[in-house]
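Structure data (mmCIF, C-alpha atoms, pLDDT in the B column; chains and numbers go by the auth columns) from entry23.cif:
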```cif
data_start
#
loop_
_atom_site.group_PDB
_atom_site.id
_atom_site.type_symbol
_atom_site.label_atom_id
_atom_site.label_comp_id
_atom_site.label_asym_id
_atom_site.label_seq_id
_atom_site.Cartn_x
_atom_site.Cartn_y
_atom_site.Cartn_z
_atom_site.B_iso_or_equiv
_atom_site.auth_seq_id
_atom_site.auth_asym_id
ATOM 1 C CA MET A 1 33.640 1.630 4.858 49.00 59 T
ATOM 2 C CA LYS A 2 34.591 5.200 4.021 56.00 60 T
ATOM 3 C CA ARG A 3 32.899 4.995 0.666 60.00 61 T
ATOM 4 C CA SER A 4 29.606 3.787 2.108 59.00 62 T
ATOM 5 C CA PHE A 5 29.804 6.574 4.727 53.00 63 T
ATOM 6 C CA LYS A 6 30.184 9.152 1.957 57.00 64 T
ATOM 7 C CA ILE A 7 27.215 7.695 0.068 62.00 65 T
ATOM 8 C CA VAL A 8 24.999 7.646 3.155 53.00 66 T
ATOM 9 C CA PHE A 9 26.117 11.123 4.215 57.00 67 T
ATOM 10 C CA GLY A 10 25.576 12.442 0.678 61.00 68 T
ATOM 11 C CA ALA A 11 22.101 10.894 0.566 58.00 69 T
ATOM 12 C CA LEU A 12 21.191 12.421 3.939 57.00 70 T
ATOM 13 C CA LEU A 13 22.490 15.780 2.818 55.00 71 T
ATOM 14 C CA TRP A 14 20.471 15.567 -0.392 60.00 72 T
ATOM 15 C CA VAL A 15 17.303 14.573 1.474 56.00 73 T
ATOM 16 C CA SER A 16 17.729 17.415 3.951 66.00 74 T
ATOM 17 C CA LEU A 17 18.370 20.034 1.240 58.00 75 T
ATOM 18 C CA THR A 18 15.633 18.927 -1.166 62.00 76 T
ATOM 19 C CA PRO A 19 12.795 20.725 0.677 63.00 77 T
ATOM 20 C CA LEU A 20 14.827 23.938 0.704 55.00 78 T
ATOM 21 C CA ILE A 21 15.509 23.720 -3.013 59.00 79 T
ATOM 22 C CA VAL A 22 11.872 22.923 -3.828 53.00 80 T
ATOM 23 C CA SER A 23 10.514 25.705 -1.618 58.00 81 T
ATOM 24 C CA ALA A 24 12.932 28.210 -3.134 56.00 82 T
ATOM 25 C CA ALA A 25 11.805 27.208 -6.630 54.00 83 T
ATOM 26 C CA LEU A 26 8.137 27.490 -5.696 55.00 84 T
ATOM 27 C CA GLY A 27 8.706 30.806 -3.955 54.00 85 T
ATOM 28 C CA ALA A 28 10.297 32.254 -7.053 51.00 86 T
ATOM 29 C CA ARG A 29 7.306 31.227 -9.126 56.00 87 T
ATOM 30 C CA GLN A 30 4.730 32.723 -6.781 58.00 88 T
ATOM 31 C CA GLU A 31 5.874 36.308 -7.101 71.00 89 T
ATOM 32 C CA THR A 32 3.045 38.537 -8.212 76.00 90 T
ATOM 33 C CA THR A 33 3.209 40.562 -11.353 90.00 91 T
ATOM 34 C CA PRO A 34 1.983 44.141 -11.702 89.00 92 T
ATOM 35 C CA LYS A 35 -0.951 42.844 -13.710 92.00 93 T
ATOM 36 C CA GLN A 36 -1.921 40.475 -10.893 92.00 94 T
ATOM 37 C CA ASP A 37 -1.582 43.299 -8.360 93.00 95 T
ATOM 38 C CA ILE A 38 -3.968 45.463 -10.401 93.00 96 T
ATOM 39 C CA THR A 39 -6.412 42.562 -10.698 94.00 97 T
ATOM 40 C CA ASP A 40 -6.324 41.954 -6.946 94.00 98 T
ATOM 41 C CA ALA A 41 -6.822 45.659 -6.248 94.00 99 T
ATOM 42 C CA GLY A 42 -9.829 45.703 -8.579 95.00 100 T
ATOM 43 C CA LYS A 43 -11.380 42.704 -6.841 96.00 101 T
ATOM 44 C CA SER A 44 -10.823 44.286 -3.434 96.00 102 T
ATOM 45 C CA THR A 45 -12.449 47.511 -4.602 96.00 103 T
ATOM 46 C CA LYS A 46 -15.411 45.589 -6.000 95.00 104 T
ATOM 47 C CA ASN A 47 -15.914 43.708 -2.734 96.00 105 T
ATOM 48 C CA ALA A 48 -15.670 46.919 -0.714 95.00 106 T
ATOM 49 C CA ALA A 49 -18.280 48.566 -2.948 96.00 107 T
ATOM 50 C CA LYS A 50 -20.612 45.595 -2.510 95.00 108 T
ATOM 51 C CA LYS A 51 -20.281 45.731 1.266 95.00 109 T
ATOM 52 C CA THR A 52 -20.873 49.476 1.312 95.00 110 T
ATOM 53 C CA GLY A 53 -23.924 49.136 -0.924 94.00 111 T
ATOM 54 C CA SER A 54 -25.344 46.382 1.254 93.00 112 T
ATOM 55 C CA ALA A 55 -24.810 48.406 4.435 93.00 113 T
ATOM 56 C CA THR A 56 -26.401 51.472 2.835 95.00 114 T
ATOM 57 C CA LYS A 57 -29.412 49.418 1.776 94.00 115 T
ATOM 58 C CA MET A 58 -29.916 48.046 5.280 94.00 116 T
ATOM 59 C CA GLU A 59 -29.617 51.481 6.904 95.00 117 T
ATOM 60 C CA SER A 60 -32.050 52.948 4.372 96.00 118 T
ATOM 61 C CA LYS A 61 -34.575 50.247 5.219 95.00 119 T
ATOM 62 C CA LYS A 62 -34.225 51.036 8.923 95.00 120 T
ATOM 63 C CA VAL A 63 -34.789 54.742 8.260 95.00 121 T
ATOM 64 C CA VAL A 64 -37.848 54.116 6.105 96.00 122 T
ATOM 65 C CA HIS A 65 -39.418 51.770 8.657 96.00 123 T
ATOM 66 C CA LYS A 66 -38.684 54.118 11.551 95.00 124 T
ATOM 67 C CA SER A 67 -40.166 57.040 9.581 97.00 125 T
ATOM 68 C CA ALA A 68 -43.302 55.046 8.831 96.00 126 T
ATOM 69 C CA GLN A 69 -43.613 54.106 12.503 96.00 127 T
ATOM 70 C CA LYS A 70 -43.251 57.717 13.663 95.00 128 T
ATOM 71 C CA THR A 71 -45.736 58.869 11.016 96.00 129 T
ATOM 72 C CA LYS A 72 -48.311 56.410 12.363 95.00 130 T
ATOM 73 C CA GLU A 73 -47.649 57.591 15.912 94.00 131 T
ATOM 74 C CA GLY A 74 -48.150 61.211 14.852 94.00 132 T
ATOM 75 C CA MET A 75 -51.309 60.323 12.967 94.00 133 T
ATOM 76 C CA ASN A 76 -52.730 58.588 16.040 92.00 134 T
ATOM 77 C CA LYS A 77 -51.944 61.617 18.242 91.00 135 T
ATOM 78 C CA VAL A 78 -53.685 63.982 15.834 90.00 136 T
ATOM 79 C CA GLU A 79 -56.667 61.644 15.609 87.00 137 T
ATOM 80 C CA GLU A 80 -56.954 61.503 19.412 86.00 138 T
ATOM 81 C CA LYS A 81 -56.820 65.285 19.688 85.00 139 T
ATOM 82 C CA THR A 82 -59.468 65.850 17.023 84.00 140 T
ATOM 83 C CA GLU A 83 -61.998 63.359 18.351 80.00 141 T
ATOM 84 C CA PRO A 84 -65.116 65.048 19.709 78.00 142 T
ATOM 85 C CA LYS A 85 -65.377 64.982 23.493 74.00 143 T
ATOM 86 C CA GLN A 86 -68.410 63.282 24.895 67.00 144 T
#
```

As structure tokens, please, write out the structure in this file.
Amino acid sequence: MKRSFKIVFGALLWVSLTPLIVSAALGARQETTPKQDITDAGKSTKNAAKKTGSATKMESKKVVHKSAQKTKEGMNKVEEKTEPKQ
């Protein structure tokens, strides 16, 4: 009886500790290296530059369209003022 208790208790202990051992082994393998850190920093910088470029492009389009609109408005005002009165 004592022997079977030891076997069952040992098996339960092993089953309960296995996830801890496996997670510790995986955690040790997932540490980043300096090379990986530099790679990640480069990718982050690239993505930030893309976002900035895209935002700049959109704002530039807004400015150009607004300028064109105001130019047309000004042109219409000048045209109205220069029309001969009847």

Quick check, in Å to one decimal: how far apart do atom CA of Pro92 of chain T and atom CA of Asn105 of chain T lie?
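Separating atom CA of Pro92 of chain T from atom CA of Asn105 of chain T is a distance of 20.0 Å.
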
Size and centre in Å, one decimal, axis-aligned box, all listed segment 115-118 of chain T atoms plus 6 Å per side, as AutoDock Vina command-line options:
```
--center_x -30.7 --center_y 50.5 --center_z 4.3 --size_x 14.6 --size_y 16.9 --size_z 17.1
```

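Picture a line from atom CA of Asp98 of chain T to atom CA of Met116 of chain T; it runs 27.3 Å.
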
Could you please determine the separation between atom CA of Glu137 of chain T and atom CA of Ser118 of chain T in Å, to one decimal place?
28.4 Å
